[in-house]
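Please read the structure below before turning to the comments.
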There are 2 protein chains.
Amino acid sequence: MGRPKAAPDAEPRREALVLAAYSRLAEAGFEGLRTRDVAAEVGVNIATLHYYFPTKEALIRGVVGHAMGRFRTAFAPGSRPGEQLAAQFQGIRRLAKNEPELFAVMGELALRSARDPAIAAIFKDTIEAWHSTLRTLVGHAQIEGFVDKRLDPDTVASLVIATLNGLFMVPVASSASDRIDKALGQLESFLGLQKRPRPAR
Amino acid sequence: MGRPKAAPDAEPRREALVLAAYSRLAEAGFEGLRTRDVAAEVGVNIATLHYYFPTKEALIRGVVGHAMGRFRTAFAPGSRPGEQLAAQFQGIRRLAKNEPELFAVMGELALRSARDPAIAAIFKDTIEAWHSTLRTLVGHAQIEGFVDKRLDPDTVASLVIATLNGLFMVPVASSASDRIDKALGQLESFLGLQKRPRPAR
DNA sequence: GCCGGTCAATCAATCACTTGATGGAATATA
DNA sequence: TATATTCCATCAAGTGATTGATTGACCGGC
């Protein structure tokens, strides 16, 4: 069936095309995504693109896979238990700084989910996995006394995901970056992760 | 210049076209927005559409105006001071239930803001007004003892907007509606608002 | 000598937008 | 009042530019 996804550089052309499409999608959105531009960015003929991806949809599926991969690995818990929850917040801060295109792409995909069941399913799985991870981390943080034990981990996870989505996937809504910092800090403060609830004034 | 926006039914064709475009945008997104479909939905020729809106962009500007109008009026504070903040939460719950298309459209516009400075400016103004309203309401709620006085109204407003954006403008991310309820309730709880506000005074 | 990979050229479909004409209401003219 | 003229709203039928996708040929390496 599909492709075994072996070594990262097993099919450089294919990979380059996906990356170019990913970049174009971040820059121009689905509305402005043109197969010609993608091919041009890699420096190959359109026919060559269609040699690797028979249809535009196939190329998009490749982009979806790449984006979800970036997203998942970026949120895989890695630190020591007690710091894992805080690490998630740091992780998304770093990600937003280093890979802003990822959030642009995720935003496009989220919107397209409303009309594309295939993307919706993948998206849902990814969010579900993230939710599950967060819920677990909240639970651990509670056991270790970092977070108020009366809070419901599942509910907190939902709130955290919603807020992070709003902050990073709806860029214009949080205009200035200091607004992002404030909102993020306030959420952490509510959770008890941050000992700095000082209202700046 | 422009048009004075007199009585609501002064220019029924123009209004109908904007509403049709709004509906098409909510359903198909910018990616699938076709002037033909808009004209067809109203039941007029494409030339007639171009008679009222010389370009597709002009039609889109009409849609932007309509959407922002809906959004602003829906969040204009109306209740008595002590309940206004809680009313904002109730208001968005009601809006999400009664006019889900509005959030779809706002999502599209938010994403397009990244590439369309004109939309970005309008969007920013709307959010800014909302932010200002929320900040004021939080301040009032603090004075009346509904909300912890140590919180910074500006920061809280940013957090509330971010969360609501994430919940309602990124639909797939909060799959089940009970997740929305949970996250919303948790946010209200953090603020100290009760889900069933007693009749203040 | 075949075959994976590439390209120039082209296709059919679709897009936003235009053209020239038509009917009817409003307005001017006799 | 009767008739001529202007203007508004609408339409059928295009126009040119793009779009995603195809075709057939070329070419180097195994």
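Chain labels A, B, ... are given in the sequence in which chains occur in the structure tokens; within each chain residues are numbered consecutively from 1, and ligands are likewise numbered from 1 in the order shown.
Residues lying within 10 Å of Glu41 in chain B, counting only C-alpha atoms (C1' of nucleotides) and ignoring same-chain neighbours fewer than 5 positions away, are B:Ala16, B:Leu17, B:Leu19, B:Ala20, B:Ala21, B:Ser23, B:Arg24, B:Thr35, B:Arg36.
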Residues of chain A within 6 Å of chain B, only C-alpha atoms counted, as a PyMOL selection string = chain A and resi 31+155+158-159+162-163+165-167+182-183+199
Could the residues in this selection be written to a file with N, CA and C atoms, as a JSON list (two decimals), in the first residue's frame?
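Output saved as part25.json:
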```json
[["chain", "number", "residue", "atom", "x", "y", "z"],
["A", 31, "GLU", "N", -6.13, 28.26, -0.04],
["A", 31, "GLU", "CA", -6.68, 29.14, -1.08],
["A", 31, "GLU", "C", -5.64, 29.43, -2.15],
["A", 155, "THR", "N", -10.52, 17.86, 32.51],
["A", 155, "THR", "CA", -11.02, 19.22, 32.27],
["A", 155, "THR", "C", -9.88, 20.20, 32.05],
["A", 158, "SER", "N", -8.43, 19.85, 28.64],
["A", 158, "SER", "CA", -9.27, 20.49, 27.62],
["A", 158, "SER", "C", -9.04, 21.99, 27.59],
["A", 159, "LEU", "N", -8.95, 22.57, 28.77],
["A", 159, "LEU", "CA", -8.75, 24.02, 28.84],
["A", 159, "LEU", "C", -7.40, 24.43, 28.28],
["A", 162, "ALA", "N", -7.45, 24.14, 24.49],
["A", 162, "ALA", "CA", -8.24, 25.21, 23.89],
["A", 162, "ALA", "C", -7.48, 26.52, 23.90],
["A", 163, "THR", "N", -6.87, 26.83, 25.02],
["A", 163, "THR", "CA", -6.16, 28.10, 25.13],
["A", 163, "THR", "C", -4.96, 28.15, 24.19],
["A", 165, "ASN", "N", -4.53, 26.49, 21.48],
["A", 165, "ASN", "CA", -5.05, 26.61, 20.11],
["A", 165, "ASN", "C", -5.40, 28.06, 19.81],
["A", 166, "GLY", "N", -6.13, 28.66, 20.72],
["A", 166, "GLY", "CA", -6.54, 30.04, 20.51],
["A", 166, "GLY", "C", -5.35, 30.98, 20.39],
["A", 167, "LEU", "N", -4.33, 30.72, 21.17],
["A", 167, "LEU", "CA", -3.17, 31.61, 21.17],
["A", 167, "LEU", "C", -2.32, 31.48, 19.91],
["A", 182, "LYS", "N", 1.39, 36.99, 28.47],
["A", 182, "LYS", "CA", 0.52, 37.22, 29.62],
["A", 182, "LYS", "C", -0.50, 36.11, 29.78],
["A", 183, "ALA", "N", -1.21, 35.81, 28.70],
["A", 183, "ALA", "CA", -2.26, 34.80, 28.77],
["A", 183, "ALA", "C", -1.67, 33.45, 29.18],
["A", 199, "PRO", "N", 0.52, 40.96, 39.13],
["A", 199, "PRO", "CA", -0.06, 41.80, 38.09],
["A", 199, "PRO", "C", 0.91, 42.93, 37.73]]
```
When you get a sec, could you note down which chain D residues fall within 12 Å of chain B, using only C-alpha atoms (C1' of nucleotides), as a VMD selection string?
-> chain D and resid 8 to 14
Residues of chain C no more than 12 Å from chain A, counting only C-alpha atoms (C1' of nucleotides): send them over as JSON, numbers by chain.
-> {"C": [4, 5, 6, 7, 8, 9, 10]}
Determine which residues of chain B DSSP labels as alpha helix (DSSP H) from the backbone of this structure, then write them out as JSON, numbers by chain.
-> {"B": [12, 13, 14, 15, 16, 17, 18, 19, 20, 21, 22, 23, 24, 25, 26, 27, 28, 35, 36, 37, 38, 39, 40, 41, 42, 46, 47, 48, 49, 50, 51, 52, 56, 57, 58, 59, 60, 61, 62, 63, 64, 65, 66, 67, 68, 69, 70, 71, 72, 73, 74, 75, 81, 82, 83, 84, 85, 86, 87, 88, 89, 90, 91, 92, 93, 94, 95, 96, 97, 98, 100, 101, 102, 103, 104, 105, 106, 107, 108, 109, 110, 111, 112, 117, 118, 119, 120, 121, 122, 123, 124, 125, 126, 127, 128, 129, 130, 131, 132, 133, 134, 135, 136, 137, 138, 139, 140, 141, 142, 143, 153, 154, 155, 156, 157, 158, 159, 160, 161, 162, 163, 164, 165, 166, 167, 168, 177, 178, 179, 180, 181, 182, 183, 184, 185, 186, 187, 188, 189, 190, 191]}
Show which residues sit within 9 Å of Ile92 in chain A, as an mmCIF file with C-alpha atoms, in the first residue's frame. Count only C-alpha atoms (C1' of nucleotides), and ignore same-chain residues fewer than 2 positions away.
```cif
data_model
loop_
_atom_site.group_PDB
_atom_site.id
_atom_site.type_symbol
_atom_site.label_atom_id
_atom_site.label_comp_id
_atom_site.auth_asym_id
_atom_site.auth_seq_id
_atom_site.Cartn_x
_atom_site.Cartn_y
_atom_site.Cartn_z
ATOM 1 C CA ALA A 74 7.285 18.370 19.469
ATOM 2 C CA PHE A 75 4.882 17.386 22.220
ATOM 3 C CA ALA A 87 7.913 21.401 29.830
ATOM 4 C CA GLN A 88 4.835 21.246 27.632
ATOM 5 C CA PHE A 89 4.353 24.956 28.034
ATOM 6 C CA GLN A 90 7.987 25.653 27.374
ATOM 7 C CA ARG A 94 9.815 27.274 21.697
ATOM 8 C CA LEU A 95 7.845 25.750 18.861
ATOM 9 C CA ALA A 96 5.943 28.957 18.218
ATOM 10 C CA LYS A 97 9.218 30.810 18.093
ATOM 11 C CA LEU A 164 -3.026 27.071 23.282
ATOM 12 C CA PHE A 168 -1.164 30.039 18.401
#
```
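The interatomic distance for the pair CA of Gly62 in chain B and CA of Val18 in chain B works out to 6.0 Å.
For the pair CA of Val63 in chain B and CA of Tyr22 in chain B, the interatomic distance is 5.6 Å.
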